[in-house]
file run_36.pdb (PDB, C-alpha atoms and all ligand atoms)
ATOM      1  CA  MET L   1      -8.205   6.519  -6.169
ATOM      2  CA  PHE L   2      -4.443   6.479  -6.578
ATOM      3  CA  VAL L   3      -2.471   6.324  -3.358
ATOM      4  CA  CYS L   4       0.931   6.080  -5.007
ATOM      5  CA  ILE L   5       1.156   8.386  -8.015
ATOM      6  CA  CYS L   6       4.732   7.400  -8.858
ATOM      7  CA  LYS L   7       3.836   3.747  -9.300
ATOM      8  CA  ALA L   8       0.136   4.238 -10.174
ATOM      9  CA  VAL L   9      -1.046   2.075  -7.283
ATOM     10  CA  SER L  10      -4.665   2.457  -6.181
ATOM     11  CA  ASP L  11      -6.159   1.907  -2.744
ATOM     12  CA  LYS L  12      -7.995  -1.034  -4.301
ATOM     13  CA  ALA L  13      -4.694  -2.638  -5.363
ATOM     14  CA  ILE L  14      -3.282  -2.118  -1.869
ATOM     15  CA  LYS L  15      -6.359  -3.690  -0.248
ATOM     16  CA  GLN L  16      -6.121  -6.602  -2.679
ATOM     17  CA  ALA L  17      -2.442  -7.184  -1.796
ATOM     18  CA  ILE L  18      -3.300  -7.115   1.918
ATOM     19  CA  ALA L  19      -6.104  -9.635   1.337
ATOM     20  CA  GLU L  20      -3.510 -11.815  -0.384
ATOM     21  CA  GLY L  21      -1.219 -11.716   2.637
ATOM     22  CA  ALA L  22       0.794  -8.485   2.625
ATOM     23  CA  ASP L  23       1.154  -7.372   6.247
ATOM     24  CA  SER L  24       3.783  -4.627   6.197
ATOM     25  CA  ILE L  25       4.819  -1.575   4.239
ATOM     26  CA  ARG L  26       7.929  -3.474   3.186
ATOM     27  CA  ASP L  27       5.698  -6.202   1.804
ATOM     28  CA  LEU L  28       3.525  -3.706  -0.097
ATOM     29  CA  LYS L  29       6.654  -2.079  -1.458
ATOM     30  CA  ALA L  30       7.980  -5.412  -2.698
ATOM     31  CA  ARG L  31       4.654  -6.433  -4.242
ATOM     32  CA  LEU L  32       3.427  -3.130  -5.705
ATOM     33  CA  GLY L  33       6.299  -0.658  -5.565
ATOM     34  CA  VAL L  34       4.408   1.607  -3.136
ATOM     35  CA  GLY L  35       6.779   4.129  -1.579
ATOM     36  CA  SER L  36       9.733   3.123  -3.701
ATOM     37  CA  GLN L  37      10.194   6.532  -5.338
ATOM     38  CA  CYS L  38       9.262   9.815  -3.646
ATOM     39  CA  GLY L  39       7.855   8.142  -0.530
ATOM     40  CA  LYS L  40       4.937  10.581  -0.130
ATOM     41  CA  CYS L  41       2.411   7.754  -0.275
ATOM     42  CA  VAL L  42       3.863   5.774   2.642
ATOM     43  CA  CYS L  43       1.764   7.521   5.280
ATOM     44  CA  GLN L  44      -1.512   6.897   3.457
ATOM     45  CA  ALA L  45      -0.493   3.352   2.526
ATOM     46  CA  SER L  46       0.251   2.520   6.169
ATOM     47  CA  GLN L  47      -3.116   3.948   7.162
ATOM     48  CA  ILE L  48      -4.840   1.605   4.704
ATOM     49  CA  LEU L  49      -2.662  -1.280   5.885
ATOM     50  CA  HIS L  50      -3.576  -0.635   9.507
ATOM     51  CA  ASN L  51      -7.303  -0.345   8.725
ATOM     52  CA  GLU L  52      -7.327  -3.545   6.697
ATOM     53  CA  LEU L  53      -5.333  -5.552   9.260
ATOM     54  CA  VAL L  54      -7.728  -4.469  12.015
ATOM     55  CA  LYS L  55     -10.597  -5.935   9.958
ATOM     56  CA  GLN L  56      -8.886  -9.340   9.555
TER      57      GLN L  56
HETATM   58 FE1  LIG Z 101       4.407   6.597  -3.964
HETATM   59 FE2  LIG Z 101       5.839   8.593  -4.907
HETATM   60  S1  LIG Z 101       3.711   8.532  -4.566
HETATM   61  S2  LIG Z 101       6.546   6.683  -4.219
END

call {"tool": "encode", "arguments": {"input": "run_36.pdb", "output": "structure tokens"}}
result
Amino acid sequence: MFVCICKAVSDKAIKQAIAEGADSIRDLKARLGVGSQCGKCVCQASQILHNELVKQ
């Protein structure tokens, strides 16, 4: 499922980036481009980030 339509970033790609060490929205933005255009995906991306970090 795409989280960021603008940059075609899936939840899977976000989870992968977090597994590889991304630990902030800024980090995800730098790695994947999430939230770098319209910004509508930031809320959902931070939800995924939070959920994944809690698991670690
Ligand atoms: Fe992610 Fe637009 S949907 S920047």

call {"tool": "atom_distance", "arguments": {"input": "run_36.pdb", "atom1": "atom S1 of ligand LIG 101 (chain Z)", "atom2": "atom CA of L:Lys7"}}
result
6.7 Å

call {"tool": "atom_distance", "arguments": {"input": "run_36.pdb", "atom1": "atom CA of L:Cys38", "atom2": "atom CA of L:Lys55"}}
result
28.8 Å

call {"tool": "resolve_selection", "arguments": {"input": "run_36.pdb", "expression": "the PyMOL selection byres (((not hetatm)) within 10 of (chain Z and resi 101))", "output": "ChimeraX atom specification"}}
result
/L:2-9,29,32-45

call {"tool": "residues_near_point", "arguments": {"input": "run_36.pdb", "point": "(6.5, -8.7, -0.9)", "cutoff": "12 Å", "atoms": "all atoms listed in the file", "output": "list in words"}}
result
Ile14, Ala17, Ile18, Glu20, Gly21, Ala22, Asp23, Ser24, Ile25, Arg26, Asp27, Leu28, Lys29, Ala30, Arg31, Leu32, Gly33 and Val34 of chain L

call {"tool": "resolve_selection", "arguments": {"input": "run_36.pdb", "expression": "the PyMOL selection byres (((chain L and resi 52) around 10) and not hetatm)", "output": "JSON, numbers by chain"}}
result
{"L": [14, 15, 16, 18, 19, 23, 46, 47, 48, 49, 50, 51, 53, 54, 55, 56]}

call {"tool": "axis_aligned_box", "arguments": {"input": "run_36.pdb", "around": "stretch 15-29 of chain L", "padding_each_side": "8 Å", "output": "JSON"}}
result
{"center_x": 0.8, "center_y": -6.7, "center_z": 1.8, "size_x": 30.3, "size_y": 26.2, "size_z": 24.9}
